[in-house]
Amino acid sequence: MSDVIPEAVLPHHAADADAAPRPVVGVSLKLYFGLAQTRAWLGEVAALAPVLARLPRPVDLFVLPSFPALADARELLSGTGIGYGAQDVHWAEHGAWTGEVSAGMLAETGARYVEVGHAERRRHFGESDETVAAKTRAATAAGLVPVICAGEHRAADPTAAAEETLTQVRAALAGAAPGSEVIVAYEPVWAIGAREPAPAGHVRAIAAAIRGALHDHDVHGRLIYGGTAGPGTYGELAGAVDGLFLGRLAHDPEGLRRVLEEISSR
């Protein structure tokens, strides 16, 4: 793969390595909203800032709208402490890449986070472990926090699920700049859009394996769970993950508020 950004050492903004990771909640809007609806939703999310400020334990919140809404996110979320980012990034910083967006350009918008390796990108656009590693490298080189999605495709026993998931995680982390901040989103593909999240015992087993991979790399990592996550999910996973990656549940800001309060109280 050509034009890959070389690795670079970057300062990190995560909590001290000896401290418990700060809880974090992410929301990806995918392509569910148009621009006007996204702007309205961002305004409702911005109105949650006082709720975040009153939580008994601080929780980081970030949202990932579509590319055209990044300017709206910058405007509406300014001063709220709520982060934002993009749902994808290209591995090259510049060049003849029609339709692509570089990590440097995302950083210029004020974005802090970028999603890489989602199962839908792998399935519909043929993204491979190599592609995800290159995008992770580009993101961390630009000072962005990659939200690395990984998970097994079909329901399997924890040993097989962990093996498939760790192959994806290790490949992506190999692209991360030394000392960079990353978030791994464990999303078993078979649980995305399902009626129920993956069983808590299963998630805990895979999460423990992912923690080991994070410790093996020179990164400051947090681990979140996605896959039909909502109120009550974190209560079953507390201690195993650092937060949740939400989808349609968060389209209703009230559902998002409930999740934030639940995570803060654990």
# chains A, B, ... in the order shown; residues from 1 in each chain; ligands from 1
$ select_by_dssp --residues "stretch 41-213 of chain A" --states "helix (DSSP H, G or I)" --output "CSV table (one decimal) with N, CA and C atoms, in the first residue's frame"
chain,number,residue,atom,x,y,z
A,41,TRP,N,-29.7,17.2,16.1
A,41,TRP,CA,-29.3,16.2,17.1
A,41,TRP,C,-28.0,16.7,17.9
A,42,LEU,N,-27.1,17.3,17.1
A,42,LEU,CA,-25.9,17.9,17.8
A,42,LEU,C,-26.3,18.9,18.8
A,43,GLY,N,-27.3,19.7,18.5
A,43,GLY,CA,-27.7,20.7,19.5
A,43,GLY,C,-28.3,20.1,20.7
A,44,GLU,N,-29.0,19.0,20.5
A,44,GLU,CA,-29.6,18.3,21.7
A,44,GLU,C,-28.4,17.6,22.5
A,45,VAL,N,-27.4,17.1,21.9
A,45,VAL,CA,-26.3,16.5,22.6
A,45,VAL,C,-25.5,17.6,23.3
A,46,ALA,N,-25.3,18.8,22.7
A,46,ALA,CA,-24.7,19.9,23.4
A,46,ALA,C,-25.4,20.3,24.6
A,49,ALA,N,-24.4,19.0,28.1
A,49,ALA,CA,-23.2,19.4,28.8
A,49,ALA,C,-23.4,19.6,30.3
A,50,PRO,N,-24.5,20.3,30.8
A,50,PRO,CA,-24.7,20.4,32.2
A,50,PRO,C,-24.8,19.0,32.9
A,51,VAL,N,-25.4,18.1,32.2
A,51,VAL,CA,-25.5,16.7,32.8
A,51,VAL,C,-24.2,16.1,33.0
A,52,LEU,N,-23.3,16.2,32.0
A,52,LEU,CA,-21.9,15.7,32.1
A,52,LEU,C,-21.2,16.4,33.2
A,53,ALA,N,-21.4,17.7,33.4
A,53,ALA,CA,-20.7,18.4,34.4
A,53,ALA,C,-21.1,18.0,35.8
A,54,ARG,N,-22.4,17.5,36.0
A,54,ARG,CA,-22.9,17.1,37.3
A,54,ARG,C,-22.7,15.6,37.6
A,67,PHE,N,-19.1,13.3,7.4
A,67,PHE,CA,-18.1,14.4,7.1
A,67,PHE,C,-18.7,15.8,7.0
A,68,PRO,N,-19.9,15.9,6.2
A,68,PRO,CA,-20.3,17.3,6.0
A,68,PRO,C,-20.8,18.0,7.3
A,69,ALA,N,-21.0,17.2,8.4
A,69,ALA,CA,-21.5,17.8,9.6
A,69,ALA,C,-20.4,18.2,10.6
A,70,LEU,N,-19.1,18.0,10.2
A,70,LEU,CA,-18.1,18.3,11.1
A,70,LEU,C,-18.0,19.7,11.5
A,71,ALA,N,-18.3,20.6,10.5
A,71,ALA,CA,-18.3,22.0,10.8
A,71,ALA,C,-19.4,22.4,11.8
A,72,ASP,N,-20.6,21.7,11.7
A,72,ASP,CA,-21.7,21.9,12.7
A,72,ASP,C,-21.2,21.4,14.0
A,73,ALA,N,-20.6,20.3,14.1
A,73,ALA,CA,-20.1,19.7,15.4
A,73,ALA,C,-19.1,20.7,16.0
A,74,ARG,N,-18.2,21.3,15.2
A,74,ARG,CA,-17.3,22.3,15.8
A,74,ARG,C,-18.0,23.5,16.4
A,75,GLU,N,-19.0,23.9,15.7
A,75,GLU,CA,-19.8,25.1,16.1
A,75,GLU,C,-20.6,24.8,17.4
A,76,LEU,N,-21.4,23.7,17.3
A,76,LEU,CA,-22.4,23.4,18.3
A,76,LEU,C,-21.8,22.8,19.6
A,77,LEU,N,-20.7,22.1,19.5
A,77,LEU,CA,-20.1,21.4,20.6
A,77,LEU,C,-19.0,22.3,21.3
A,103,ALA,N,-6.2,12.5,7.5
A,103,ALA,CA,-6.2,12.7,8.9
A,103,ALA,C,-5.8,14.1,9.3
A,104,GLY,N,-4.9,14.7,8.5
A,104,GLY,CA,-4.5,16.1,8.8
A,104,GLY,C,-5.7,17.0,8.6
A,105,MET,N,-6.5,16.8,7.5
A,105,MET,CA,-7.6,17.6,7.3
A,105,MET,C,-8.6,17.5,8.4
A,106,LEU,N,-8.8,16.3,8.9
A,106,LEU,CA,-9.8,16.1,10.0
A,106,LEU,C,-9.3,16.8,11.2
A,107,ALA,N,-8.0,16.8,11.5
A,107,ALA,CA,-7.4,17.5,12.6
A,107,ALA,C,-7.7,19.0,12.5
A,108,GLU,N,-7.6,19.5,11.3
A,108,GLU,CA,-7.8,20.9,11.1
A,108,GLU,C,-9.3,21.3,11.4
A,119,ALA,N,-16.9,-3.1,10.8
A,119,ALA,CA,-17.3,-4.3,10.1
A,119,ALA,C,-18.0,-4.0,8.8
A,120,GLU,N,-18.7,-2.9,8.8
A,120,GLU,CA,-19.4,-2.5,7.5
A,120,GLU,C,-18.4,-2.0,6.5
A,121,ARG,N,-17.3,-1.3,6.9
A,121,ARG,CA,-16.3,-0.9,6.0
A,121,ARG,C,-15.5,-2.2,5.4
A,122,ARG,N,-15.3,-3.1,6.3
A,122,ARG,CA,-14.6,-4.3,5.8
A,122,ARG,C,-15.5,-5.1,4.8
A,123,ARG,N,-16.8,-5.2,5.2
A,123,ARG,CA,-17.7,-6.0,4.3
A,123,ARG,C,-18.0,-5.3,3.0
A,124,HIS,N,-18.4,-4.1,3.0
A,124,HIS,CA,-18.9,-3.4,1.8
A,124,HIS,C,-17.8,-2.8,1.0
A,125,PHE,N,-16.6,-2.4,1.6
A,125,PHE,CA,-15.6,-1.7,0.9
A,125,PHE,C,-14.3,-2.5,0.9
A,129,ASP,N,-7.0,-6.0,7.2
A,129,ASP,CA,-6.2,-5.6,8.4
A,129,ASP,C,-5.1,-4.6,8.0
A,130,GLU,N,-4.5,-4.8,6.8
A,130,GLU,CA,-3.5,-3.9,6.3
A,130,GLU,C,-4.0,-2.5,6.2
A,131,THR,N,-5.2,-2.3,5.6
A,131,THR,CA,-5.8,-1.0,5.4
A,131,THR,C,-6.1,-0.4,6.8
A,132,VAL,N,-6.6,-1.1,7.7
A,132,VAL,CA,-6.9,-0.6,9.0
A,132,VAL,C,-5.7,-0.2,9.7
A,133,ALA,N,-4.6,-0.9,9.6
A,133,ALA,CA,-3.3,-0.5,10.2
A,133,ALA,C,-2.8,0.8,9.6
A,134,ALA,N,-2.9,0.9,8.3
A,134,ALA,CA,-2.5,2.1,7.6
A,134,ALA,C,-3.3,3.3,8.1
A,135,LYS,N,-4.6,3.2,8.2
A,135,LYS,CA,-5.4,4.3,8.7
A,135,LYS,C,-5.1,4.6,10.2
A,136,THR,N,-4.9,3.6,11.0
A,136,THR,CA,-4.5,3.8,12.4
A,136,THR,C,-3.2,4.6,12.4
A,137,ARG,N,-2.2,4.2,11.6
A,137,ARG,CA,-1.0,4.9,11.5
A,137,ARG,C,-1.2,6.4,11.1
A,138,ALA,N,-2.0,6.7,10.1
A,138,ALA,CA,-2.2,8.0,9.7
A,138,ALA,C,-2.9,8.8,10.8
A,139,ALA,N,-3.9,8.2,11.4
A,139,ALA,CA,-4.7,8.9,12.5
A,139,ALA,C,-3.7,9.3,13.6
A,140,THR,N,-3.0,8.4,14.1
A,140,THR,CA,-2.1,8.7,15.3
A,140,THR,C,-1.0,9.7,14.9
A,141,ALA,N,-0.5,9.6,13.7
A,141,ALA,CA,0.5,10.5,13.2
A,141,ALA,C,0.0,12.0,13.2
A,158,PRO,N,-15.7,-18.4,23.2
A,158,PRO,CA,-14.7,-17.4,23.5
A,158,PRO,C,-13.3,-17.5,23.0
A,159,THR,N,-12.8,-18.8,22.9
A,159,THR,CA,-11.5,-19.0,22.4
A,159,THR,C,-11.4,-18.6,20.9
A,160,ALA,N,-12.3,-19.1,20.1
A,160,ALA,CA,-12.3,-18.8,18.7
A,160,ALA,C,-12.6,-17.3,18.5
A,161,ALA,N,-13.5,-16.8,19.2
A,161,ALA,CA,-13.9,-15.4,19.1
A,161,ALA,C,-12.7,-14.5,19.4
A,162,ALA,N,-12.0,-14.8,20.5
A,162,ALA,CA,-10.8,-14.0,20.9
A,162,ALA,C,-9.7,-14.1,19.8
A,163,GLU,N,-9.5,-15.3,19.2
A,163,GLU,CA,-8.5,-15.4,18.2
A,163,GLU,C,-8.7,-14.6,17.0
A,164,GLU,N,-10.0,-14.6,16.5
A,164,GLU,CA,-10.3,-13.8,15.4
A,164,GLU,C,-10.2,-12.3,15.7
A,165,THR,N,-10.7,-11.9,16.8
A,165,THR,CA,-10.7,-10.5,17.2
A,165,THR,C,-9.3,-10.0,17.4
A,166,LEU,N,-8.5,-10.8,18.1
A,166,LEU,CA,-7.1,-10.3,18.4
A,166,LEU,C,-6.3,-10.2,17.1
A,167,THR,N,-6.6,-11.0,16.1
A,167,THR,CA,-5.9,-10.8,14.8
A,167,THR,C,-6.1,-9.4,14.3
A,168,GLN,N,-7.3,-8.9,14.4
A,168,GLN,CA,-7.7,-7.6,13.9
A,168,GLN,C,-7.0,-6.5,14.8
A,169,VAL,N,-7.1,-6.7,16.1
A,169,VAL,CA,-6.6,-5.7,17.1
A,169,VAL,C,-5.1,-5.5,16.9
A,170,ARG,N,-4.4,-6.7,16.9
A,170,ARG,CA,-2.9,-6.6,16.8
A,170,ARG,C,-2.5,-6.0,15.5
A,171,ALA,N,-3.2,-6.3,14.4
A,171,ALA,CA,-2.8,-5.7,13.2
A,171,ALA,C,-3.0,-4.2,13.2
A,172,ALA,N,-4.1,-3.7,13.8
A,172,ALA,CA,-4.3,-2.3,13.9
A,172,ALA,C,-3.3,-1.6,14.8
A,173,LEU,N,-3.1,-2.2,16.0
A,173,LEU,CA,-2.1,-1.6,16.9
A,173,LEU,C,-0.7,-1.5,16.4
A,189,VAL,N,-19.6,-8.8,15.3
A,189,VAL,CA,-20.4,-8.4,14.2
A,189,VAL,C,-21.8,-9.0,14.3
A,190,TRP,N,-22.0,-10.2,14.8
A,190,TRP,CA,-23.3,-10.8,14.9
A,190,TRP,C,-24.2,-10.2,15.9
A,191,ALA,N,-23.6,-9.3,16.7
A,191,ALA,CA,-24.4,-8.6,17.7
A,191,ALA,C,-24.8,-7.2,17.3
A,200,ALA,N,-22.9,-11.1,28.6
A,200,ALA,CA,-21.8,-10.4,29.4
A,200,ALA,C,-20.6,-11.3,29.6
A,201,GLY,N,-20.8,-12.6,29.9
A,201,GLY,CA,-19.7,-13.5,30.1
A,201,GLY,C,-18.8,-13.6,28.9
A,202,HIS,N,-19.4,-13.6,27.7
A,202,HIS,CA,-18.6,-13.7,26.4
A,202,HIS,C,-17.8,-12.4,26.3
A,203,VAL,N,-18.5,-11.2,26.5
A,203,VAL,CA,-17.8,-10.0,26.3
A,203,VAL,C,-16.6,-9.8,27.3
A,204,ARG,N,-16.8,-10.3,28.5
A,204,ARG,CA,-15.8,-10.2,29.5
A,204,ARG,C,-14.6,-11.0,29.1
A,205,ALA,N,-14.8,-12.2,28.5
A,205,ALA,CA,-13.7,-13.1,28.1
A,205,ALA,C,-12.9,-12.4,27.0
A,206,ILE,N,-13.6,-11.9,26.0
A,206,ILE,CA,-12.9,-11.3,24.9
A,206,ILE,C,-12.2,-10.0,25.3
A,207,ALA,N,-12.9,-9.2,26.2
A,207,ALA,CA,-12.3,-8.0,26.7
A,207,ALA,C,-11.0,-8.2,27.4
A,208,ALA,N,-10.9,-9.3,28.2
A,208,ALA,CA,-9.7,-9.6,28.9
A,208,ALA,C,-8.5,-9.9,27.9
A,209,ALA,N,-8.9,-10.6,26.8
A,209,ALA,CA,-7.9,-10.9,25.8
A,209,ALA,C,-7.4,-9.6,25.1
A,210,ILE,N,-8.3,-8.7,24.8
A,210,ILE,CA,-8.0,-7.4,24.2
A,210,ILE,C,-7.1,-6.6,25.1
A,211,ARG,N,-7.4,-6.6,26.4
A,211,ARG,CA,-6.5,-5.9,27.4
A,211,ARG,C,-5.1,-6.4,27.3
A,212,GLY,N,-4.9,-7.7,27.1
A,212,GLY,CA,-3.6,-8.2,27.0
A,212,GLY,C,-2.9,-7.7,25.8
A,213,ALA,N,-3.6,-7.6,24.7
A,213,ALA,CA,-3.0,-7.0,23.4
A,213,ALA,C,-2.6,-5.5,23.6
$ residues_around --residues "A:Pro58" --least-positions-apart "5" --cutoff "10 Å" --atoms "only C-alpha atoms" --output "PyMOL selection string"
chain A and resi 22-24+52-53+260-261+263-265
$ select_by_dssp --residues "stretch 61-109 of chain A" --states "strand (DSSP E or B)" --output "list of chain:residue names"
A:Leu61, A:Phe62, A:Val63, A:Leu64, A:Gly83, A:Tyr84, A:Gly85, A:Ala86
$ residues_around --residues "A:Tyr113" --least-positions-apart "5" --cutoff "8 Å" --atoms "only C-alpha atoms" --output "PyMOL selection string"
chain A and resi 62+64+83-86+144-147
$ closest_residue --among "A:Ile148, A:Val89, A:Ala185, A:Ala250" --to "A:Ser66" --atoms "only C-alpha atoms"
A:Val89
$ atom_distance --atom1 "atom CA of A:Gly239" --atom2 "atom CA of A:Thr80"
27.3 Å
$ closest_residue --among "A:Glu115, A:Asp218, A:Asp88, A:Glu127" --to "A:Gly26" --atoms "only C-alpha atoms"
A:Glu115
$ residues_around --residues "A:Pro231" --least-positions-apart "3" --cutoff "12 Å" --atoms "only C-alpha atoms" --output "number ranges by chain"
A: 196-197, 228, 234-237, 243-246, 249-250, 254-263
$ closest_residue --among "A:Pro21, A:Pro188, A:Pro65, A:Gly95" --to "A:Thr38" --atoms "only C-alpha atoms"
A:Pro65
